[in-house]
Amino acid sequence: MALAELSTEQVLRRDIPWETYMSTKLISGTSLQLLRRYDHRSESHRAQLLDDCQAKRSKGQCCKWRNIKLKKPFTAIDDALIGLVKWLCEQLKKPSHPTRGVPTAINCLATLLKEPVVRSTFVQMDGIKLLIPLISPASTQQSIQLLYETCLCIWLLSYYEPAIEYLATSRTLPRLIDVVKSSTKEKVVRVIVSTLKNLLSKGTLGAQMVDLQLPQVVQSLKAQAWSDEDLLEALNCLEEGLKDNIKKLSSYDKYKQEVLLGHLDWTPVHKDPIFWRENITNFEENDFQILRVLITILDTSNDPRTLAVACFDLSQFIQHHPAGRIIVTDLKAKERAMKLMNHENAEVTKNALLCIQRLLLGAKYASFLQA
């Protein structure tokens, strides 16, 4: 059976190629022997193995098993895995081979990330950000396989809370959804849908999925002819979960998630005066957190649409909040908006000008300014 066609349970049961790691001198021959004696064994067998070694230690026959405790039974394995993860991350940053380096590293990670010590080490080394650029639509068989195994890594990480925190604040989710929208490869769609289903109930990720129009994507996927019954069931579960999230989200919650993601578009809420009147005090939460993020976007974003919408939203805040001019001025937004008045994009220039006008004229004359 090809690696790409393995089921979830079969992936988790895959054997780790320790011999390969020994041949590349990542682990020693002695470590390989210890790993093989310990790996894929029952808890009772592992405990007995440790007891036997404890008895041998007094005779000087088990020096490699020193300092072993039942709560952390095999330090040698952990050390070998940590060293391997560091090497794999280096391969993703600077591949030792131009075409095989990255695919080999991803293939290894797709097997190793089921191990807790590997997940924690990988996250601590900012490994997730090395995976994100690889999540993009693929066409050739080789690139499809790389995409599949990269998504498999994300799926394994979706069971690990510290990784989920990073996934929630990165571009992982938009990239997964972009891929699943256009992919016709069932194995790729299956692993992404399973990942999204895992993440749906985690923090703000459900709200982000709604903002990224995943409900419409799921409906489109359900209309296609898939042979995998598990995939169809996962799509149904994901659809129901998204419906529940939509019911729970207020318009401000959706707006907040859009701003925190840092990618703005002309969704109806931005130009809805009722939204601004009813939610203007919500912008005061956490010391004007959302307002501060909007202002930061003016400095950090390279997307013209995002910049234009951010300028417009700042002008809306100035217009609707009693102290809008003072607050926005104190947060140094004026200087940032003025720089954008010379932007090459007309949409950005127009909305930057609107923001400056409302800053200078104040709420009394704001109603005369048209967006």
# chains A, B, ... in the order shown; residues from 1 in each chain; ligands from 1
call {"tool": "select_by_dssp", "arguments": {"residues": "stretch 191-333 of chain A", "states": "helix (DSSP H, G or I)", "output": "PyMOL selection string"}}
result
chain A and resi 191-199+205-211+214-222+229-248+251-261+268-271+273-300+304-320+324-330+333
call {"tool": "residues_around", "arguments": {"residues": "stretch 219-223 of chain A", "least_positions_apart": "2", "cutoff": "8 Å", "atoms": "only C-alpha atoms", "output": "list in words"}}
result
Lys181, Pro215, Gln216, Val217, Ala225, Leu232, Leu235 and Glu239 of chain A
call {"tool": "residues_around", "arguments": {"residues": "A:Val102", "least_positions_apart": "2", "cutoff": "10 Å", "atoms": "only C-alpha atoms", "output": "mmCIF file with C-alpha atoms, in the first residue's frame"}}
result
data_model
loop_
_atom_site.group_PDB
_atom_site.id
_atom_site.type_symbol
_atom_site.label_atom_id
_atom_site.label_comp_id
_atom_site.auth_asym_id
_atom_site.auth_seq_id
_atom_site.Cartn_x
_atom_site.Cartn_y
_atom_site.Cartn_z
ATOM 1 C CA LEU A 88 15.033 17.965 10.184
ATOM 2 C CA CYS A 89 14.238 21.615 10.903
ATOM 3 C CA GLU A 90 17.636 22.578 9.539
ATOM 4 C CA GLN A 91 16.852 20.565 6.409
ATOM 5 C CA LEU A 92 13.644 22.543 5.941
ATOM 6 C CA LYS A 93 15.565 25.809 6.336
ATOM 7 C CA LYS A 94 18.650 24.877 4.307
ATOM 8 C CA PRO A 95 18.186 21.564 2.459
ATOM 9 C CA SER A 96 21.335 19.528 1.960
ATOM 10 C CA HIS A 97 19.928 18.367 -1.387
ATOM 11 C CA PRO A 98 18.064 20.762 -3.730
ATOM 12 C CA THR A 99 15.211 18.393 -4.614
ATOM 13 C CA ARG A 100 15.216 15.613 -2.013
ATOM 14 C CA THR A 104 12.684 13.653 2.963
ATOM 15 C CA ALA A 105 12.445 15.885 6.032
ATOM 16 C CA ILE A 106 8.653 16.176 5.666
ATOM 17 C CA ASN A 107 8.319 12.425 5.185
ATOM 18 C CA CYS A 108 10.215 11.807 8.428
ATOM 19 C CA LEU A 134 4.600 24.233 1.744
ATOM 20 C CA LEU A 146 4.775 16.701 -0.476
#
call {"tool": "closest_atom_pairs", "arguments": {"of": "stretch 172-283 of chain A", "to": "stretch 120-132 of chain A", "cutoff": "10 Å", "atoms": "only C-alpha atoms", "output": "tab-separated table"}}
result
residue	atom	partner	partner_atom	distance
A:Thr172	CA	A:Ile132	CA	5.9
A:Leu173	CA	A:Ile132	CA	9.4
A:Arg175	CA	A:Ile132	CA	7.7
A:Leu176	CA	A:Ile132	CA	9.1
call {"tool": "residues_around", "arguments": {"residues": "A:Gly203", "least_positions_apart": "6", "cutoff": "9 Å", "atoms": "only C-alpha atoms", "output": "ChimeraX atom specification"}}
result
/A:164-165,168
call {"tool": "closest_residue", "arguments": {"among": "A:Gly262, A:Pro116, A:Pro322, A:Pro162", "to": "A:Arg277", "atoms": "only C-alpha atoms"}}
result
A:Pro322
call {"tool": "atom_distance", "arguments": {"atom1": "atom CA of A:Gly29", "atom2": "atom CA of A:Ile82"}}
result
17.2 Å
call {"tool": "residues_around", "arguments": {"residues": "A:Ala138", "least_positions_apart": "4", "cutoff": "8 Å", "atoms": "only C-alpha atoms", "output": "VMD selection string"}}
result
chain A and resid 143 to 144 147 183
call {"tool": "closest_residue", "arguments": {"among": "A:Ile327, A:Asn245, A:Leu264, A:Thr296", "to": "A:Phe283", "atoms": "only C-alpha atoms"}}
result
A:Ile327
call {"tool": "atom_distance", "arguments": {"atom1": "atom CA of A:Ala352", "atom2": "atom CA of A:Asp287"}}
result
23.8 Å
call {"tool": "residues_around", "arguments": {"residues": "A:Leu212", "least_positions_apart": "3", "cutoff": "7 Å", "atoms": "only C-alpha atoms", "output": "PyMOL selection string"}}
result
chain A and resi 174+208-209
call {"tool": "atom_distance", "arguments": {"atom1": "atom CA of A:Thr329", "atom2": "atom CA of A:Leu359"}}
result
7.7 Å
call {"tool": "residues_around", "arguments": {"residues": "A:Leu331", "least_positions_apart": "2", "cutoff": "12 Å", "atoms": "only C-alpha atoms", "output": "NGL selection string"}}
result
:A and (287-289 or 291-296 or 314 or 324-329 or 333-337)
